[in-house]
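K.L.:
Sharing coords_36.txt below, compact mmCIF, C-alpha atoms:
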# COMPACT_ATOMS: atom_id res chain seq x y z
CA MET O 337 0.00 0.00 0.00
CA VAL O 338 1.12 3.56 -0.65
CA LEU O 339 0.47 6.82 1.17
CA THR O 340 0.29 9.90 -1.08
CA ASP O 341 -1.12 13.45 -1.07
CA ASP O 342 -2.91 14.50 2.14
CA GLU O 343 -2.33 11.15 3.84
CA TYR O 344 1.41 11.37 3.17
CA HIS O 345 1.50 14.97 4.37
CA HIS O 346 -0.38 14.17 7.57
CA ALA O 347 1.70 11.11 8.47
CA VAL O 348 5.14 12.38 7.51
CA LYS O 349 4.96 16.17 7.89
CA VAL O 350 2.39 16.68 10.65
CA ARG O 351 2.78 13.54 12.78
CA ARG O 352 6.47 13.23 11.78
CA LEU O 353 6.30 9.43 11.55
CA LYS O 354 9.50 7.62 10.55
CA GLU O 355 10.29 4.38 8.75
CA GLY O 356 9.33 1.50 11.04
CA ASP O 357 6.45 3.47 12.67
CA LYS O 358 2.88 2.18 12.53
CA VAL O 359 0.13 3.98 10.59
CA GLU O 360 -3.48 3.29 9.58
CA VAL O 361 -4.36 3.19 5.88
CA ASN O 362 -7.84 3.20 4.29
CA ASP O 363 -7.97 1.11 1.11
CA LEU O 364 -11.20 2.95 0.05
CA GLN O 365 -12.89 -0.42 -0.37
CA GLY O 366 -14.35 -0.57 3.10
CA ASN O 367 -11.23 -1.62 4.99
CA ILE O 368 -8.74 0.13 7.24
CA TYR O 369 -5.40 -1.58 7.84
CA LEU O 370 -2.78 -1.02 10.47
CA GLY O 371 0.50 -0.96 8.58
CA GLU O 372 4.21 -0.38 9.03
CA ILE O 373 6.04 2.36 7.14
CA LEU O 374 8.64 0.52 5.07
CA LYS O 375 10.12 3.46 3.15
CA ILE O 376 9.54 7.21 3.04
CA GLU O 377 10.22 8.88 -0.31
CA LYS O 378 9.77 12.47 -1.47
CA ASN O 379 5.99 12.45 -2.01
CA LYS O 380 4.95 8.99 -0.95
CA ALA O 381 5.44 6.35 1.72
CA LEU O 382 5.44 2.59 1.21
CA ILE O 383 3.32 0.69 3.74
CA LYS O 384 3.29 -3.00 4.67
CA PRO O 385 -0.22 -3.94 5.90
CA ILE O 386 -0.07 -5.80 9.23
CA GLN O 387 -3.71 -6.33 10.20
CA LYS O 388 -7.23 -5.27 9.31
CA GLN O 389 -8.67 -2.89 11.90
CA ASP O 390 -12.05 -3.43 13.52
CA ILE O 391 -13.95 -0.20 12.82
CA LYS O 392 -17.12 0.64 14.74
CA ILE O 393 -19.78 1.98 12.38
CA PRO O 394 -22.47 4.18 13.98
CA ASP O 395 -25.90 2.50 14.08
CA TYR O 396 -27.67 5.69 12.95
CA LYS O 397 -27.69 7.68 9.73
CA ILE O 398 -27.62 11.47 9.34
CA THR O 399 -28.80 13.27 6.21
CA LEU O 400 -27.95 16.97 5.91
CA TYR O 401 -30.24 19.12 3.77
CA GLN O 402 -28.17 22.28 3.33
CA CYS O 403 -29.59 25.45 1.76
CA MET O 404 -27.09 26.71 -0.78
CA PRO O 405 -25.21 29.93 0.03
CA ASN O 406 -24.73 32.49 -2.72
CA GLN O 407 -21.02 31.80 -2.56
CA LEU O 408 -20.89 28.10 -3.42
CA SER O 409 -17.19 27.84 -2.53
CA LYS O 410 -18.27 27.97 1.14
CA ILE O 411 -19.64 24.46 0.64
CA ASP O 412 -16.19 23.28 -0.53
CA ASP O 413 -14.96 24.06 3.00
CA ILE O 414 -17.71 22.22 4.88
CA ILE O 415 -17.51 18.89 3.02
CA GLU O 416 -14.47 17.85 5.06
CA PRO O 417 -15.95 18.65 8.52
CA ILE O 418 -19.33 17.03 7.72
CA SER O 419 -17.48 13.99 6.43
CA GLN O 420 -15.42 13.78 9.62
CA LEU O 421 -18.58 14.23 11.71
CA GLY O 422 -20.08 11.16 10.04
CA VAL O 423 -22.85 12.67 7.90
CA ASP O 424 -24.01 9.89 5.54
CA ARG O 425 -25.81 11.91 2.88
CA PHE O 426 -25.55 15.55 1.82
CA VAL O 427 -28.44 17.09 -0.10
CA PRO O 428 -27.93 20.59 -1.58
CA VAL O 429 -31.17 22.57 -1.18
CA LEU O 430 -32.43 25.52 -3.19
CA SER O 431 -34.43 27.74 -0.83
CA LYS O 432 -36.03 31.15 -1.39
CA ASN O 433 -32.91 32.85 -0.03
CA SER O 434 -30.60 30.90 -2.39
CA ALA O 435 -29.75 33.08 -5.36
CA VAL O 436 -27.73 30.32 -7.06
CA LYS O 437 -28.97 28.37 -10.05
CA GLN O 438 -29.57 24.62 -9.96
CA SER O 439 -27.11 24.13 -12.82
CA ASP O 440 -24.35 25.95 -10.90
CA VAL O 441 -24.83 23.58 -7.96
CA GLU O 442 -24.81 20.55 -10.27
CA LYS O 443 -21.46 21.66 -11.70
CA LYS O 444 -19.93 21.56 -8.19
CA ILE O 445 -20.99 18.03 -7.26
CA GLN O 446 -17.98 16.31 -8.79
CA LYS O 447 -15.62 18.59 -6.89
CA TRP O 448 -17.48 17.98 -3.61
CA GLU O 449 -17.36 14.21 -4.18
CA LYS O 450 -13.60 14.45 -4.65
CA ILE O 451 -13.19 16.40 -1.40
CA ALA O 452 -15.43 13.87 0.37
CA LEU O 453 -13.30 10.97 -0.86
CA ASN O 454 -10.06 12.68 0.12
CA SER O 455 -11.30 13.57 3.59
CA ILE O 456 -12.21 10.07 4.75
CA LYS O 457 -8.68 8.77 4.38
CA GLN O 458 -7.43 10.33 7.61
CA CYS O 459 -10.50 10.11 9.77
CA ARG O 460 -11.17 6.34 10.13
CA ARG O 461 -14.35 6.62 8.09
CA LEU O 462 -14.91 3.74 5.67
CA TYR O 463 -17.05 5.32 2.94
CA PRO O 464 -17.39 8.95 1.79
CA VAL O 465 -20.55 11.03 2.38
CA SER O 466 -22.86 10.57 -0.61
CA ILE O 467 -23.85 13.77 -2.38
CA ASP O 468 -27.29 14.15 -3.97
CA LYS O 469 -28.40 16.36 -6.83
CA PRO O 470 -29.89 19.66 -5.62
CA VAL O 471 -33.58 19.72 -4.65
CA LYS O 472 -35.99 22.57 -4.02
CA LEU O 473 -36.84 23.09 -0.36
CA SER O 474 -40.50 22.39 -1.14
CA ASN O 475 -39.51 18.95 -2.50
CA ILE O 476 -37.69 17.77 0.64
CA ASN O 477 -39.15 14.45 1.81
CA SER O 478 -37.78 12.36 4.62
CA TYR O 479 -38.98 9.22 6.36
CA ASP O 480 -36.43 9.47 9.17
CA ASP O 481 -37.89 9.22 12.69
CA LEU O 482 -36.14 12.46 13.72
CA LYS O 483 -36.49 15.44 11.41
CA VAL O 484 -35.24 18.85 12.54
CA VAL O 485 -34.71 22.30 11.07
CA PHE O 486 -32.39 24.73 12.84
CA TYR O 487 -34.30 28.01 12.66
CA GLU O 488 -32.90 31.39 13.65
CA LYS O 489 -36.30 32.59 14.89
CA GLU O 490 -36.94 29.57 17.14
CA TYR O 491 -36.04 30.79 20.63
CA GLU O 492 -37.55 28.15 22.92
CA ARG O 493 -37.08 24.59 21.69
CA LYS O 494 -33.52 23.27 21.95
CA THR O 495 -31.81 20.04 20.91
CA LYS O 496 -31.20 19.39 24.61
CA ASP O 497 -34.97 18.92 25.08
CA LEU O 498 -34.69 15.70 23.03
CA ILE O 499 -32.23 14.06 25.45
CA GLY O 500 -33.58 10.75 26.74
CA LYS O 501 -35.59 9.97 23.61
CA THR O 502 -34.34 7.33 21.17
CA PHE O 503 -34.17 7.83 17.42
CA GLN O 504 -32.78 5.72 14.59
CA ASN O 505 -31.98 8.21 11.85
CA CYS O 506 -32.08 11.98 11.47
CA SER O 507 -32.67 14.49 8.69
CA ILE O 508 -31.31 17.96 9.45
CA VAL O 509 -32.21 21.11 7.48
CA ILE O 510 -29.86 24.08 7.85
CA GLY O 511 -30.33 27.49 6.24
CA ASN O 512 -27.88 29.67 4.40
CA GLU O 513 -26.78 33.12 5.64
CA GLY O 514 -30.14 34.62 4.70
CA GLY O 515 -32.05 32.17 6.91
CA PHE O 516 -35.53 30.88 6.09
CA LYS O 517 -38.74 32.55 4.96
CA GLU O 518 -41.60 31.90 7.38
CA ASP O 519 -43.63 29.94 4.81
CA GLU O 520 -40.65 27.64 4.26
CA ILE O 521 -40.59 26.78 7.97
CA ASN O 522 -44.36 26.21 7.93
CA LEU O 523 -43.94 23.86 4.98
CA LEU O 524 -41.19 21.92 6.76
CA VAL O 525 -43.28 21.70 9.95
CA ASP O 526 -46.12 20.24 7.85
CA LYS O 527 -43.65 17.62 6.62
CA GLY O 528 -42.81 16.67 10.23
CA PHE O 529 -39.68 18.76 10.81
CA LEU O 530 -39.17 20.13 14.32
CA PRO O 531 -37.79 23.71 14.46
CA LEU O 532 -34.87 23.93 16.92
CA SER O 533 -32.73 26.80 18.20
CA LEU O 534 -28.95 26.63 17.87
CA GLY O 535 -28.45 28.83 20.95
CA ASN O 536 -28.35 32.49 21.98
CA TYR O 537 -25.79 33.74 19.53
CA ILE O 538 -26.02 34.06 15.77
CA LEU O 539 -23.60 31.67 14.05
CA LYS O 540 -22.20 31.91 10.56
CA MET O 541 -23.32 29.14 8.25
CA GLU O 542 -20.15 27.04 8.45
CA THR O 543 -20.21 27.04 12.27
CA ALA O 544 -23.98 26.43 12.41
CA ILE O 545 -23.57 23.29 10.30
CA ILE O 546 -20.94 21.77 12.62
CA VAL O 547 -22.86 22.75 15.77
CA GLY O 548 -26.17 21.40 14.43
CA ILE O 549 -24.70 18.03 13.47
CA CYS O 550 -22.77 17.78 16.73
CA GLN O 551 -25.91 18.47 18.82
CA ILE O 552 -27.91 15.85 16.92
CA LYS O 553 -25.13 13.26 17.30
CA ILE O 554 -25.36 13.61 21.08
CA ILE O 555 -29.07 12.70 20.80
CA LEU O 556 -28.54 9.77 18.41
CA GLU O 557 -25.53 8.23 20.14
CA ARG O 558 -26.25 5.45 22.58
CA MET J 919 -25.25 55.00 14.93
CA VAL J 920 -23.43 53.81 11.84
CA LEU J 921 -22.97 50.35 10.30
CA THR J 922 -19.65 49.82 8.52
CA ASP J 923 -17.36 46.97 7.38
CA ASP J 924 -18.65 43.46 8.11
CA GLU J 925 -21.85 44.70 9.74
CA TYR J 926 -22.68 46.82 6.71
CA HIS J 927 -21.88 43.94 4.36
CA HIS J 928 -24.03 41.49 6.32
CA ALA J 929 -27.05 43.80 6.62
CA VAL J 930 -27.02 45.32 3.14
CA LYS J 931 -25.40 42.70 0.90
CA VAL J 932 -26.29 39.40 2.57
CA ARG J 933 -29.64 40.15 4.24
CA ARG J 934 -30.45 42.78 1.56
CA LEU J 935 -32.06 45.14 4.08
CA LYS J 936 -33.41 48.44 2.72
CA GLU J 937 -33.91 51.92 4.16
CA GLY J 938 -36.75 51.75 6.69
CA ASP J 939 -35.90 48.14 7.70
CA LYS J 940 -35.04 47.24 11.29
CA VAL J 941 -31.59 46.03 12.32
CA GLU J 942 -29.73 45.31 15.56
CA VAL J 943 -26.55 47.26 16.34
CA ASN J 944 -23.94 46.54 19.06
CA ASP J 945 -22.45 49.75 20.48
CA LEU J 946 -19.46 47.73 21.83
CA GLN J 947 -20.12 49.19 25.27
CA GLY J 948 -22.32 46.37 26.50
CA ASN J 949 -25.54 47.36 24.70
CA ILE J 950 -27.40 46.11 21.65
CA TYR J 951 -30.01 48.41 20.12
CA LEU J 952 -32.82 47.70 17.72
CA GLY J 953 -32.61 50.46 15.13
CA GLU J 954 -34.09 51.63 11.86
CA ILE J 955 -32.00 52.04 8.72
CA LEU J 956 -32.30 55.74 7.85
CA LYS J 957 -29.94 55.90 4.88
CA ILE J 958 -27.78 53.41 2.95
CA GLU J 959 -24.62 54.85 1.40
CA LYS J 960 -21.80 53.17 -0.50
CA ASN J 961 -19.90 51.67 2.46
CA LYS J 962 -22.00 52.57 5.46
CA ALA J 963 -25.58 52.74 6.70
CA LEU J 964 -27.02 55.34 9.08
CA ILE J 965 -29.09 53.85 11.91
CA LYS J 966 -31.61 55.50 14.25
CA PRO J 967 -31.66 53.57 17.57
CA ILE J 968 -35.23 52.70 18.60
CA GLN J 969 -34.83 50.64 21.77
CA LYS J 970 -32.25 48.84 23.86
CA GLN J 971 -32.54 45.05 23.50
CA ASP J 972 -32.76 42.71 26.46
CA ILE J 973 -29.89 40.26 25.91
CA LYS J 974 -29.73 36.98 27.83
CA ILE J 975 -26.19 36.35 29.08
CA PRO J 976 -25.32 32.69 29.76
CA ASP J 977 -24.88 31.95 33.48
CA TYR J 978 -21.74 29.86 32.86
CA LYS J 979 -18.26 30.67 31.66
CA ILE J 980 -16.11 28.67 29.22
CA THR J 981 -12.32 28.95 29.03
CA LEU J 982 -10.62 27.34 26.06
CA TYR J 983 -6.99 26.25 26.48
CA GLN J 984 -5.90 25.66 22.90
CA CYS J 985 -2.58 24.02 22.01
CA MET J 986 -0.96 26.09 19.27
CA PRO J 987 -0.73 24.56 15.80
CA ASN J 988 2.47 24.98 13.83
CA GLN J 989 0.56 27.13 11.36
CA LEU J 990 -0.66 29.95 13.61
CA SER J 991 -2.92 31.38 10.88
CA LYS J 992 -5.29 28.47 11.62
CA ILE J 993 -6.09 30.22 14.89
CA ASP J 994 -7.12 33.36 12.97
CA ASP J 995 -9.96 31.29 11.50
CA ILE J 996 -11.23 29.86 14.78
CA ILE J 997 -11.50 33.13 16.72
CA GLU J 998 -14.79 33.98 15.01
CA PRO J 999 -16.51 30.62 15.64
CA ILE J 1000 -15.37 30.41 19.27
CA SER J 1001 -16.57 33.97 19.75
CA GLN J 1002 -19.97 33.10 18.27
CA LEU J 1003 -20.14 29.98 20.43
CA GLY J 1004 -19.76 32.11 23.54
CA VAL J 1005 -16.27 31.18 24.77
CA ASP J 1006 -15.33 33.76 27.43
CA ARG J 1007 -11.59 33.33 27.56
CA PHE J 1008 -9.06 31.95 25.10
CA VAL J 1009 -5.68 30.78 26.38
CA PRO J 1010 -3.02 29.87 23.79
CA VAL J 1011 -1.08 26.83 25.06
CA LEU J 1012 2.43 25.70 24.20
CA SER J 1013 2.47 21.89 24.34
CA LYS J 1014 5.18 19.40 23.45
CA ASN J 1015 3.73 19.06 19.95
CA SER J 1016 3.70 22.85 19.38
CA ALA J 1017 6.78 23.80 17.36
CA VAL J 1018 5.94 27.54 17.53
CA LYS J 1019 7.81 29.98 19.74
CA GLN J 1020 6.14 31.88 22.57
CA SER J 1021 7.16 35.18 20.98
CA ASP J 1022 5.47 34.25 17.68
CA VAL J 1023 2.21 33.58 19.52
CA GLU J 1024 2.50 36.87 21.42
CA LYS J 1025 2.86 38.75 18.14
CA LYS J 1026 -0.52 37.38 16.98
CA ILE J 1027 -2.56 38.40 20.02
CA GLN J 1028 -3.40 41.89 18.78
CA LYS J 1029 -4.68 40.46 15.49
CA TRP J 1030 -6.81 37.86 17.30
CA GLU J 1031 -8.26 40.54 19.58
CA LYS J 1032 -9.26 42.55 16.52
CA ILE J 1033 -10.99 39.53 14.93
CA ALA J 1034 -12.73 38.84 18.27
CA LEU J 1035 -14.03 42.41 18.44
CA ASN J 1036 -15.24 42.36 14.85
CA SER J 1037 -17.00 39.03 15.22
CA ILE J 1038 -19.26 39.97 18.13
CA LYS J 1039 -20.99 42.72 16.20
CA GLN J 1040 -23.24 40.39 14.24
CA CYS J 1041 -23.83 37.66 16.75
CA ARG J 1042 -25.69 39.36 19.66
CA ARG J 1043 -22.72 38.90 21.96
CA LEU J 1044 -22.01 41.88 24.23
CA TYR J 1045 -18.28 41.58 24.89
CA PRO J 1046 -15.48 39.94 22.89
CA VAL J 1047 -13.68 36.79 24.03
CA SER J 1048 -10.67 37.78 26.13
CA ILE J 1049 -7.34 36.47 24.90
CA ASP J 1050 -4.56 35.57 27.35
CA LYS J 1051 -0.82 35.49 26.84
CA PRO J 1052 0.44 32.00 25.92
CA VAL J 1053 1.16 29.54 28.75
CA LYS J 1054 3.02 26.25 28.83
CA LEU J 1055 0.75 23.21 29.13
CA SER J 1056 2.47 22.32 32.41
CA ASN J 1057 1.45 25.73 33.82
CA ILE J 1058 -2.29 25.38 33.14
CA ASN J 1059 -4.25 25.92 36.35
CA SER J 1060 -8.02 26.09 36.58
CA TYR J 1061 -10.44 26.32 39.49
CA ASP J 1062 -13.53 25.64 37.33
CA ASP J 1063 -15.81 22.87 38.61
CA LEU J 1064 -15.70 21.12 35.21
CA LYS J 1065 -12.30 20.59 33.61
CA VAL J 1066 -11.99 18.46 30.49
CA VAL J 1067 -9.35 17.56 27.92
CA PHE J 1068 -10.45 16.13 24.58
CA TYR J 1069 -7.96 13.33 24.01
CA GLU J 1070 -7.60 11.37 20.79
CA LYS J 1071 -6.65 8.20 22.67
CA GLU J 1072 -9.63 8.28 25.04
CA TYR J 1073 -12.11 5.81 23.55
CA GLU J 1074 -14.59 5.20 26.37
CA ARG J 1075 -15.57 8.34 28.26
CA LYS J 1076 -17.81 10.74 26.30
CA THR J 1077 -19.25 14.18 27.02
CA LYS J 1078 -22.70 12.54 26.93
CA ASP J 1079 -21.82 10.68 30.15
CA LEU J 1080 -21.92 14.04 31.98
CA ILE J 1081 -25.57 14.73 31.09
CA GLY J 1082 -27.67 15.26 34.20
CA LYS J 1083 -24.84 16.70 36.29
CA THR J 1084 -24.72 20.44 36.98
CA PHE J 1085 -21.62 22.56 36.55
CA GLN J 1086 -21.00 26.28 36.80
CA ASN J 1087 -17.94 26.90 34.64
CA CYS J 1088 -15.76 24.82 32.36
CA SER J 1089 -12.14 24.76 31.26
CA ILE J 1090 -11.54 22.86 28.02
CA VAL J 1091 -8.12 21.76 26.75
CA ILE J 1092 -7.88 20.90 23.04
CA GLY J 1093 -4.77 19.62 21.28
CA ASN J 1094 -3.23 20.68 18.00
CA GLU J 1095 -2.93 18.36 14.98
CA GLY J 1096 -0.16 16.37 16.64
CA GLY J 1097 -2.32 15.55 19.65
CA PHE J 1098 -0.95 15.12 23.18
CA LYS J 1099 2.00 13.25 24.64
CA GLU J 1100 0.92 10.69 27.26
CA ASP J 1101 2.75 12.51 30.07
CA GLU J 1102 0.88 15.71 29.20
CA ILE J 1103 -2.45 13.92 29.68
CA ASN J 1104 -1.21 12.43 32.98
CA LEU J 1105 -0.24 15.92 34.15
CA LEU J 1106 -3.67 17.32 33.21
CA VAL J 1107 -5.42 14.42 34.97
CA ASP J 1108 -3.39 15.21 38.11
CA LYS J 1109 -4.69 18.78 37.83
CA GLY J 1110 -8.28 17.51 37.77
CA PHE J 1111 -8.94 17.42 34.02
CA LEU J 1112 -11.21 14.63 32.73
CA PRO J 1113 -10.09 13.06 29.40
CA LEU J 1114 -13.04 12.82 26.99
CA SER J 1115 -13.47 11.35 23.50
CA LEU J 1116 -14.79 13.52 20.66
CA GLY J 1117 -16.29 10.50 18.87
CA ASN J 1118 -15.31 7.71 16.50
CA TYR J 1119 -13.79 9.75 13.73
CA ILE J 1120 -10.62 11.81 13.72
CA LEU J 1121 -11.42 15.52 13.36
CA LYS J 1122 -9.14 18.23 12.13
CA MET J 1123 -8.25 20.82 14.77
CA GLU J 1124 -10.70 23.52 13.63
CA THR J 1125 -13.64 21.09 13.66
CA ALA J 1126 -12.57 19.51 16.96
CA ILE J 1127 -12.63 22.94 18.63
CA ILE J 1128 -16.20 23.69 17.53
CA VAL J 1129 -17.43 20.17 18.39
CA GLY J 1130 -15.76 20.21 21.81
CA ILE J 1131 -17.24 23.57 22.80
CA CYS J 1132 -20.65 22.62 21.44
CA GLN J 1133 -20.71 19.35 23.44
CA ILE J 1134 -19.73 21.13 26.66
CA LYS J 1135 -22.39 23.82 26.12
CA ILE J 1136 -25.08 21.12 26.06
CA ILE J 1137 -23.85 20.02 29.51
CA LEU J 1138 -23.62 23.54 30.94
CA GLU J 1139 -26.92 24.88 29.58
CA ARG J 1140 -29.91 24.65 31.85
If you took the structure in this file and wrote it as structure tokens, what would it be?

P.N.:
Amino acid sequence: MVLTDDEYHHAVKVRRLKEGDKVEVNDLQGNIYLGEILKIEKNKALIKPIQKQDIKIPDYKITLYQCMPNQLSKIDDIIEPISQLGVDRFVPVLSKNSAVKQSDVEKKIQKWEKIALNSIKQCRRLYPVSIDKPVKLSNINSYDDLKVVFYEKEYERKTKDLIGKTFQNCSIVIGNEGGFKEDEINLLVDKGFLPLSLGNYILKMETAIIVGICQIKIILER
Amino acid sequence: MVLTDDEYHHAVKVRRLKEGDKVEVNDLQGNIYLGEILKIEKNKALIKPIQKQDIKIPDYKITLYQCMPNQLSKIDDIIEPISQLGVDRFVPVLSKNSAVKQSDVEKKIQKWEKIALNSIKQCRRLYPVSIDKPVKLSNINSYDDLKVVFYEKEYERKTKDLIGKTFQNCSIVIGNEGGFKEDEINLLVDKGFLPLSLGNYILKMETAIIVGICQIKIILER
């Protein structure tokens, strides 16, 4: 096996591993191996696999419905954190406050899939987050037993209120910087989504996404 | 009152507010006012204050002890999220895996304070996060009733295990990309810090910081 690119950089430059040290390698086919570094070259490291690692897969699934920001490059930066947080499926959403065109979002999907693939290599995740084609907010449909929307005008109901209840899977809707229109929230409530507050302070989109997922994981984890 | 810079951009460009619309303005002296936009000019907006807002201040305090990454510019990017998440005090820490010099960290403090000040304006926070001079990990001392260190080799104990207990204030230690040396964790445990896991997957430093704070806030919030 060979370490290259980000994996090489992380092992050799950041962690400063040497020949003979142990390192974990994802073969991108559903396996992670513990291996020994045989040889470090300029841009790659040769690894001898020693044993297959036993990886615990969460017994819940998280789908993130994310309203598209006007600056689509912001999504480039959140694919890695949502991948590391264990989101299973990412659905780009066109809401009333999204000024981007569906075709512009579609053009980005290949890039996001590449980032998703790259980001699992270091984080002990077996498969990358799957990325859907964009959907209109009004077309969101989820059969998950927990469905939430983090809404900037919800002041009372918090994720913490759900502690103690058990859920299998969760769909999370998160707005872009412009937030939601009231009729969009009403529509989501009709579809079974629970509006939740993210806390007292206003968060920028990138932070809100991480905080929202992290709060829901505390509820889903057993 | 006048909106400029980031506040102007957010209100006029992102939220697309017009003259006559209402907007909140932080006077940076401990008050947030609801105001009306009187006039929008090229790079500023004139605001007439209408009433002082009643802002709920959390009844707990969070101190973040953050081990310095080798690339100090990464800290520039986390000052805004930790500010929006309500961290009260930020202490740069020099650990065994920090290759940066104390003097290099000290040179950055003014810049971080400026980012902290700028980032409270939009998020309904009254005062900026205070930023300490760097300390060595071995010199960390905290009298908070909850003291935690998120440790990459802690696999059992999770933040969720603390649910139901009540704490007043929390000190959080978070490592840089290299993680902690075992003797550093032993030292922190001797000082009363509880090692906690951040979950199954390995997170990059910026994500780990947001996730760690967010998990602790769920415990502290009542």

K.L.:
Any chance you could tabulate, as JSON lines, the residues of range 365-479 of chain O at most 10 Å from range 543-547 of chain O with each one's nearest atom pair and distance in Å to one decimal, using only C-alpha atoms, in chain and rising number order?

P.N.:
{"residue": "O:Leu400", "atom": "CA", "partner": "O:Ile545", "partner_atom": "CA", "distance": 8.9}
{"residue": "O:Gln402", "atom": "CA", "partner": "O:Ile545", "partner_atom": "CA", "distance": 8.4}
{"residue": "O:Ile414", "atom": "CA", "partner": "O:Ile545", "partner_atom": "CA", "distance": 8.1}
{"residue": "O:Pro417", "atom": "CA", "partner": "O:Ile546", "partner_atom": "CA", "distance": 7.2}
{"residue": "O:Ile418", "atom": "CA", "partner": "O:Ile546", "partner_atom": "CA", "distance": 7.0}
{"residue": "O:Leu421", "atom": "CA", "partner": "O:Ile546", "partner_atom": "CA", "distance": 8.0}

K.L.:
Compile the residues of chain O that lie within 6 Å of chain J, evaluated using only C-alpha atoms, and express the compilation as a PyMOL selection string.

P.N.:
chain O and resi 351+420+459-460+514+537-539

K.L.:
In Å, rounded to a single decimal, give me how far CA of Ile411 in chain O is from CA of Ile368 in chain O.

P.N.:
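Atom-to-atom, CA of Ile368 in chain O and CA of Ile411 in chain O are spaced 27.5 Å apart.
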
K.L.:
Measuring atom to atom with only C-alpha atoms, identify which of O:Val471, O:Ile521, O:Ile476, O:Val359 is nearest to Leu374 in chain O.

P.N.:
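Looking only at the distances to Leu374 in chain O, the closest residue turns out to be O:Val359.
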
K.L.:
Find the residues near Arg493 in chain O: any atom within 9 Å, counting only C-alpha atoms, skip ones fewer than 6 places away on the same chain, and give them as a PyMOL selection string.

P.N.:
chain O and resi 530-533

K.L.:
Using C-alpha atoms, can you write the selected residues to a file as a JSON list (two decimals), in the frame of the given file?

P.N.:
[["chain", "number", "residue", "atom", "x", "y", "z"],
["O", 530, "LEU", "CA", -39.17, 20.13, 14.32],
["O", 531, "PRO", "CA", -37.79, 23.71, 14.46],
["O", 532, "LEU", "CA", -34.87, 23.93, 16.92],
["O", 533, "SER", "CA", -32.73, 26.80, 18.20]]

K.L.:
Just the number, please: distance in Å from CA of Glu520 in chain O to CA of Val436 in chain O, one decimal.

P.N.:
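Value for the CA of Glu520 in chain O-CA of Val436 in chain O distance: 17.4 Å.
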
K.L.:
Around (-29.9, 47.5, 1.1) in the file's own coordinates, what residues are found within 12 Å if you use all atoms listed in the file, given back as a list in words?

P.N.:
Leu921, Tyr926, His927, His928, Ala929, Val930, Lys931, Val932, Arg933, Arg934, Leu935, Lys936, Glu937, Gly938, Asp939, Lys940, Val941, Ile955, Leu956, Lys957, Ile958, Glu959, Lys960, Asn961, Lys962, Ala963 and Leu964 of chain J

K.L.:
For the atom pair CA of Gly371 in chain O and CA of Tyr463 in chain O, what is the interatomic distance in Å to one decimal place?

P.N.:
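Atom-to-atom, CA of Gly371 in chain O and CA of Tyr463 in chain O are spaced 19.5 Å apart.
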
K.L.:
Would you mind putting back N, CA and C atoms on range 453-464 of chain O, then writing it out as a PDB file, in the coordinates of the input?

P.N.:
ATOM      1  N   LEU O 453     -14.133  12.170  -0.763  1.00  0.00           N
ATOM      2  CA  LEU O 453     -13.300  10.970  -0.860  1.00  0.00           C
ATOM      3  C   LEU O 453     -11.953  11.191  -0.182  1.00  0.00           C
ATOM      4  N   ASN O 454     -11.350  12.365  -0.465  1.00  0.00           N
ATOM      5  CA  ASN O 454     -10.060  12.680   0.120  1.00  0.00           C
ATOM      6  C   ASN O 454     -10.108  12.753   1.645  1.00  0.00           C
ATOM      7  N   SER O 455     -11.262  13.258   2.165  1.00  0.00           N
ATOM      8  CA  SER O 455     -11.300  13.570   3.590  1.00  0.00           C
ATOM      9  C   SER O 455     -11.535  12.349   4.470  1.00  0.00           C
ATOM     10  N   ILE O 456     -11.978  11.231   3.879  1.00  0.00           N
ATOM     11  CA  ILE O 456     -12.210  10.070   4.750  1.00  0.00           C
ATOM     12  C   ILE O 456     -10.907   9.347   5.067  1.00  0.00           C
ATOM     13  N   LYS O 457      -9.882   9.585   4.241  1.00  0.00           N
ATOM     14  CA  LYS O 457      -8.680   8.770   4.380  1.00  0.00           C
ATOM     15  C   LYS O 457      -8.022   8.897   5.753  1.00  0.00           C
ATOM     16  N   GLN O 458      -8.115  10.114   6.336  1.00  0.00           N
ATOM     17  CA  GLN O 458      -7.430  10.330   7.610  1.00  0.00           C
ATOM     18  C   GLN O 458      -8.313  10.135   8.829  1.00  0.00           C
ATOM     19  N   CYS O 459      -9.627   9.968   8.610  1.00  0.00           N
ATOM     20  CA  CYS O 459     -10.500  10.110   9.770  1.00  0.00           C
ATOM     21  C   CYS O 459     -11.137   8.806  10.224  1.00  0.00           C
ATOM     22  N   ARG O 460     -10.681   7.674   9.744  1.00  0.00           N
ATOM     23  CA  ARG O 460     -11.170   6.340  10.130  1.00  0.00           C
ATOM     24  C   ARG O 460     -12.592   6.100   9.651  1.00  0.00           C
ATOM     25  N   ARG O 461     -13.035   6.856   8.649  1.00  0.00           N
ATOM     26  CA  ARG O 461     -14.350   6.620   8.090  1.00  0.00           C
ATOM     27  C   ARG O 461     -14.186   5.687   6.901  1.00  0.00           C
ATOM     28  N   LEU O 462     -15.117   4.729   6.725  1.00  0.00           N
ATOM     29  CA  LEU O 462     -14.910   3.740   5.670  1.00  0.00           C
ATOM     30  C   LEU O 462     -15.346   4.231   4.290  1.00  0.00           C
ATOM     31  N   TYR O 463     -16.515   4.879   4.225  1.00  0.00           N
ATOM     32  CA  TYR O 463     -17.050   5.320   2.940  1.00  0.00           C
ATOM     33  C   TYR O 463     -17.273   6.835   2.949  1.00  0.00           C
ATOM     34  N   PRO O 464     -17.157   7.493   1.803  1.00  0.00           N
ATOM     35  CA  PRO O 464     -17.390   8.950   1.790  1.00  0.00           C
ATOM     36  C   PRO O 464     -18.877   9.287   1.925  1.00  0.00           C
TER      37      PRO O 464
END
